[in-house]
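Engineer: Got a structure for you, work25.txt, holding compact mmCIF, N, CA, C and O atoms.
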# COMPACT_ATOMS: atom_id res chain seq x y z
N MET W 234 -11.94 5.45 -8.85
CA MET W 234 -11.33 4.35 -8.14
C MET W 234 -9.84 4.58 -7.94
O MET W 234 -9.28 4.18 -6.93
N LYS W 235 -9.21 5.25 -8.92
CA LYS W 235 -7.78 5.52 -8.80
C LYS W 235 -7.51 6.47 -7.64
O LYS W 235 -6.52 6.30 -6.93
N LYS W 236 -8.39 7.44 -7.45
CA LYS W 236 -8.19 8.40 -6.38
C LYS W 236 -8.21 7.72 -5.02
O LYS W 236 -7.39 8.01 -4.15
N PHE W 237 -9.15 6.79 -4.83
CA PHE W 237 -9.23 6.07 -3.56
C PHE W 237 -7.98 5.23 -3.34
O PHE W 237 -7.47 5.15 -2.22
N SER W 238 -7.49 4.62 -4.39
CA SER W 238 -6.28 3.81 -4.27
C SER W 238 -5.10 4.67 -3.86
O SER W 238 -4.32 4.29 -2.98
N TYR W 239 -4.96 5.82 -4.49
CA TYR W 239 -3.85 6.71 -4.14
C TYR W 239 -3.99 7.24 -2.72
O TYR W 239 -3.00 7.38 -2.00
N ILE W 240 -5.22 7.52 -2.30
CA ILE W 240 -5.45 7.98 -0.93
C ILE W 240 -5.05 6.89 0.07
O ILE W 240 -4.38 7.17 1.07
N PHE W 241 -5.43 5.64 -0.22
CA PHE W 241 -5.07 4.55 0.68
C PHE W 241 -3.57 4.30 0.70
O PHE W 241 -3.01 3.95 1.74
N ILE W 242 -2.91 4.48 -0.43
CA ILE W 242 -1.45 4.33 -0.46
C ILE W 242 -0.80 5.39 0.42
O ILE W 242 0.11 5.09 1.21
N VAL W 243 -1.27 6.62 0.32
CA VAL W 243 -0.72 7.70 1.15
C VAL W 243 -0.99 7.43 2.63
O VAL W 243 -0.10 7.64 3.48
N LEU W 244 -2.17 6.95 2.95
CA LEU W 244 -2.49 6.62 4.34
C LEU W 244 -1.61 5.49 4.87
O LEU W 244 -1.16 5.53 6.02
N ALA W 245 -1.35 4.50 4.04
CA ALA W 245 -0.50 3.39 4.46
C ALA W 245 0.94 3.86 4.68
O ALA W 245 1.60 3.42 5.63
N ILE W 246 1.41 4.75 3.83
CA ILE W 246 2.76 5.31 4.02
C ILE W 246 2.82 6.12 5.31
O ILE W 246 3.78 5.99 6.09
N ALA W 247 1.80 6.93 5.55
CA ALA W 247 1.76 7.73 6.78
C ALA W 247 1.72 6.82 8.01
O ALA W 247 2.39 7.09 9.01
N LEU W 248 0.96 5.75 7.93
CA LEU W 248 0.88 4.80 9.04
C LEU W 248 2.22 4.12 9.28
O LEU W 248 2.63 3.92 10.43
N SER W 249 2.92 3.80 8.22
CA SER W 249 4.24 3.19 8.36
C SER W 249 5.22 4.15 9.02
O SER W 249 6.00 3.75 9.89
N ILE W 250 5.18 5.40 8.60
CA ILE W 250 6.08 6.40 9.19
C ILE W 250 5.77 6.59 10.67
O ILE W 250 6.68 6.65 11.51
N TYR W 251 4.49 6.66 11.00
CA TYR W 251 4.11 6.81 12.40
C TYR W 251 4.59 5.62 13.23
O TYR W 251 5.14 5.78 14.32
N ASN W 252 4.40 4.41 12.71
CA ASN W 252 4.81 3.23 13.45
C ASN W 252 6.33 3.10 13.53
O ASN W 252 6.84 2.51 14.47
N ALA W 253 7.03 3.65 12.57
CA ALA W 253 8.50 3.63 12.63
C ALA W 253 9.00 4.45 13.81
O ALA W 253 10.07 4.16 14.36
N THR W 254 8.24 5.46 14.20
CA THR W 254 8.64 6.26 15.36
C THR W 254 8.44 5.49 16.67
O THR W 254 9.03 5.87 17.69
N LYS W 255 7.64 4.47 16.64
CA LYS W 255 7.36 3.67 17.84
C LYS W 255 8.35 2.51 18.03
O LYS W 255 8.27 1.80 19.02
N LEU W 256 9.24 2.32 17.08
CA LEU W 256 10.18 1.20 17.16
C LEU W 256 11.24 1.43 18.22
O LEU W 256 11.78 2.53 18.36
N ASP W 257 11.55 0.38 18.97
CA ASP W 257 12.65 0.37 19.91
C ASP W 257 13.66 -0.63 19.37
O ASP W 257 13.44 -1.84 19.42
N PHE W 258 14.75 -0.13 18.79
CA PHE W 258 15.69 -1.00 18.09
C PHE W 258 16.47 -1.91 19.03
O PHE W 258 17.07 -2.89 18.58
N ASN W 259 16.44 -1.66 20.32
CA ASN W 259 17.09 -2.55 21.28
C ASN W 259 16.23 -3.79 21.54
O ASN W 259 16.76 -4.86 21.84
N ASN W 260 14.91 -3.62 21.47
CA ASN W 260 13.97 -4.72 21.71
C ASN W 260 12.91 -4.70 20.63
O ASN W 260 11.76 -4.34 20.87
N LEU W 261 13.28 -5.11 19.42
CA LEU W 261 12.36 -5.01 18.28
C LEU W 261 11.15 -5.93 18.42
O LEU W 261 10.08 -5.60 17.93
N LEU W 262 11.31 -7.05 19.05
CA LEU W 262 10.22 -8.03 19.08
C LEU W 262 9.56 -8.13 20.44
O LEU W 262 9.08 -9.19 20.84
N GLN W 263 9.50 -7.00 21.16
CA GLN W 263 8.85 -7.00 22.47
C GLN W 263 7.98 -5.76 22.61
O GLN W 263 8.35 -4.67 22.18
N GLY W 264 6.82 -5.94 23.21
CA GLY W 264 5.93 -4.83 23.56
C GLY W 264 5.41 -4.04 22.38
O GLY W 264 4.99 -4.61 21.36
N ASP W 265 5.41 -2.72 22.53
CA ASP W 265 4.87 -1.83 21.50
C ASP W 265 5.69 -1.90 20.21
O ASP W 265 5.16 -1.65 19.13
N SER W 266 6.95 -2.24 20.34
CA SER W 266 7.79 -2.32 19.15
C SER W 266 7.34 -3.47 18.25
O SER W 266 7.37 -3.34 17.02
N LEU W 267 6.91 -4.56 18.82
CA LEU W 267 6.41 -5.69 18.03
C LEU W 267 5.15 -5.29 17.28
O LEU W 267 4.99 -5.62 16.09
N VAL W 268 4.27 -4.58 17.94
CA VAL W 268 3.04 -4.10 17.30
C VAL W 268 3.39 -3.17 16.14
O VAL W 268 2.79 -3.23 15.07
N ALA W 269 4.38 -2.31 16.34
CA ALA W 269 4.80 -1.39 15.30
C ALA W 269 5.38 -2.14 14.10
O ALA W 269 5.10 -1.79 12.95
N VAL W 270 6.18 -3.17 14.36
CA VAL W 270 6.76 -3.96 13.26
C VAL W 270 5.66 -4.64 12.46
O VAL W 270 5.66 -4.61 11.22
N ILE W 271 4.71 -5.24 13.15
CA ILE W 271 3.60 -5.91 12.47
C ILE W 271 2.78 -4.91 11.67
O ILE W 271 2.39 -5.18 10.53
N SER W 272 2.55 -3.73 12.22
CA SER W 272 1.79 -2.70 11.51
C SER W 272 2.53 -2.19 10.28
O SER W 272 1.91 -1.94 9.24
N ILE W 273 3.84 -2.05 10.38
CA ILE W 273 4.63 -1.62 9.22
C ILE W 273 4.57 -2.66 8.11
O ILE W 273 4.38 -2.33 6.94
N VAL W 274 4.71 -3.92 8.47
CA VAL W 274 4.64 -4.99 7.48
C VAL W 274 3.26 -5.03 6.83
O VAL W 274 3.13 -5.19 5.61
N ALA W 275 2.22 -4.88 7.63
CA ALA W 275 0.85 -4.89 7.10
C ALA W 275 0.62 -3.71 6.15
O ALA W 275 -0.02 -3.87 5.10
N ALA W 276 1.14 -2.56 6.50
CA ALA W 276 0.98 -1.38 5.64
C ALA W 276 1.73 -1.58 4.32
O ALA W 276 1.23 -1.20 3.26
N MET W 277 2.91 -2.16 4.38
CA MET W 277 3.67 -2.42 3.15
C MET W 277 2.95 -3.45 2.26
O MET W 277 2.94 -3.32 1.03
N CYS W 278 2.33 -4.44 2.88
CA CYS W 278 1.54 -5.41 2.11
C CYS W 278 0.35 -4.72 1.44
O CYS W 278 0.03 -5.01 0.28
N ALA W 279 -0.30 -3.83 2.17
CA ALA W 279 -1.43 -3.10 1.60
C ALA W 279 -0.99 -2.24 0.42
O ALA W 279 -1.69 -2.17 -0.60
N ILE W 280 0.16 -1.61 0.54
CA ILE W 280 0.68 -0.80 -0.56
C ILE W 280 0.95 -1.67 -1.78
O ILE W 280 0.58 -1.31 -2.91
N MET W 281 1.56 -2.82 -1.57
CA MET W 281 1.85 -3.72 -2.69
C MET W 281 0.56 -4.19 -3.36
O MET W 281 0.47 -4.24 -4.59
N ILE W 282 -0.44 -4.53 -2.59
CA ILE W 282 -1.72 -4.98 -3.14
C ILE W 282 -2.37 -3.86 -3.95
O ILE W 282 -2.89 -4.09 -5.05
N LEU W 283 -2.33 -2.64 -3.45
CA LEU W 283 -2.91 -1.51 -4.18
C LEU W 283 -2.14 -1.21 -5.46
O LEU W 283 -2.76 -0.88 -6.49
N LEU W 284 -0.84 -1.34 -5.43
CA LEU W 284 -0.06 -1.13 -6.65
C LEU W 284 -0.35 -2.21 -7.70
O LEU W 284 -0.45 -1.91 -8.89
N ILE W 285 -0.53 -3.44 -7.25
CA ILE W 285 -0.91 -4.51 -8.17
C ILE W 285 -2.29 -4.24 -8.75
O ILE W 285 -2.53 -4.43 -9.95
N PHE W 286 -3.21 -3.75 -7.92
CA PHE W 286 -4.55 -3.41 -8.37
C PHE W 286 -4.51 -2.31 -9.43
O PHE W 286 -5.18 -2.41 -10.47
N LEU W 287 -3.72 -1.26 -9.18
CA LEU W 287 -3.62 -0.17 -10.15
C LEU W 287 -3.01 -0.65 -11.46
O LEU W 287 -3.45 -0.25 -12.55
N THR W 288 -2.02 -1.53 -11.39
CA THR W 288 -1.41 -2.08 -12.59
C THR W 288 -2.41 -2.93 -13.37
O THR W 288 -2.47 -2.84 -14.60
N SER W 289 -3.20 -3.71 -12.67
CA SER W 289 -4.19 -4.54 -13.36
C SER W 289 -5.26 -3.68 -14.04
O SER W 289 -5.75 -4.03 -15.12
N LYS W 290 -5.61 -2.56 -13.41
CA LYS W 290 -6.58 -1.65 -14.03
C LYS W 290 -6.01 -1.02 -15.30
O LYS W 290 -6.73 -0.84 -16.29
N LYS W 291 -4.73 -0.68 -15.29
CA LYS W 291 -4.10 -0.13 -16.49
C LYS W 291 -4.07 -1.16 -17.61
O LYS W 291 -4.34 -0.84 -18.77
N ILE W 292 -3.76 -2.41 -17.27
CA ILE W 292 -3.75 -3.47 -18.28
C ILE W 292 -5.15 -3.69 -18.83
O ILE W 292 -5.33 -3.85 -20.04
N GLU W 293 -6.15 -3.70 -17.95
CA GLU W 293 -7.53 -3.88 -18.39
C GLU W 293 -7.95 -2.77 -19.34
O GLU W 293 -8.62 -3.02 -20.35
N GLU W 294 -7.55 -1.55 -19.03
CA GLU W 294 -7.89 -0.41 -19.89
C GLU W 294 -7.23 -0.55 -21.27
O GLU W 294 -7.86 -0.28 -22.29
N LYS W 295 -5.99 -0.98 -21.31
CA LYS W 295 -5.30 -1.16 -22.58
C LYS W 295 -5.94 -2.28 -23.41
O LYS W 295 -6.04 -2.16 -24.62
N VAL W 296 -6.36 -3.34 -22.76
CA VAL W 296 -7.01 -4.45 -23.47
C VAL W 296 -8.34 -3.99 -24.04
O VAL W 296 -8.68 -4.32 -25.19
N LYS W 297 -9.10 -3.21 -23.30
CA LYS W 297 -10.39 -2.70 -23.78
C LYS W 297 -10.18 -1.78 -24.99
O LYS W 297 -10.93 -1.83 -25.96
N ASN W 298 -9.17 -0.91 -24.91
CA ASN W 298 -8.89 -0.01 -26.02
C ASN W 298 -8.42 -0.77 -27.26
O ASN W 298 -8.73 -0.39 -28.38
N HIS W 299 -7.69 -1.83 -27.06
CA HIS W 299 -7.19 -2.62 -28.18
C HIS W 299 -8.34 -3.37 -28.88
O HIS W 299 -8.34 -3.52 -30.09
N LYS W 300 -9.32 -3.84 -28.10
CA LYS W 300 -10.46 -4.56 -28.68
C LYS W 300 -11.37 -3.64 -29.49
O LYS W 300 -12.00 -4.06 -30.43
N LYS W 301 -11.44 -2.36 -29.11
CA LYS W 301 -12.30 -1.41 -29.82
C LYS W 301 -11.77 -1.11 -31.22
O LYS W 301 -12.54 -0.76 -32.10
N LYS W 302 -10.47 -1.21 -31.43
CA LYS W 302 -9.87 -0.87 -32.72
C LYS W 302 -10.07 -1.92 -33.74
O LYS W 302 -10.43 -2.84 -33.96
Rewrite the structure from the file as structure tokens, please.
Structural biologist:
Amino acid sequence: MKKFSYIFIVLAIALSIYNATKLDFNNLLQGDSLVAVISIVAAMCAIMILLIFLTSKKIEEKVKNHKKK
């Protein structure tokens, strides 16, 4: 499960970088630039959710190990 999470994080970063190339800083909220901004924000949200998921899995693992002792 960790491998899939890391793969999705890398894909989200790559998607953000690609969409950053589509930005038009003169007209950020118009046309393709607006789509790129929305996509960058969505990718960053996905990264945050995956990082929270990975952290929760680490906490769950520590709790399980603590109960076994």
Engineer: Please, what distance in Å, to one decimal, runs between atom O of W:Lys236 and atom N of W:His299?
Structural biologist: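 Atom-to-atom, atom O of W:Lys236 to atom N of W:His299, that is 24.9 Å.
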Engineer: Which one of W:Val296, W:Ala253, W:Ile282, W:Ile246 sits closest to W:Val270 if you count all atoms listed in the file?
Structural biologist: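 The answer is W:Ala253, which sits nearest to W:Val270.
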Engineer: Can you measure atom O of W:Ile273 to atom O of W:Thr254 for me? One decimal in Å is fine.
Structural biologist: 14.3 Å
Engineer: Could you give me, as a PyMOL selection string, each residue of chain W that DSSP assigns to helix (DSSP H, G or I) when run on this structure's backbone?
Structural biologist: chain W and resi 235-253+265-301
Engineer: Could you check the closest approach to W:Asn252 for each of W:Glu294, W:Ala275, W:Ile240, W:Lys235 and tell me which residue wins, using only C-alpha atoms?
Structural biologist: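 For W:Asn252, the nearest of the candidates is W:Ala275.
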Engineer: Between W:Ile292, W:Leu256, W:Met281, W:Val243, which has the minimum distance to W:Ala269 (counting all atoms listed in the file)?
Structural biologist: W:Leu256
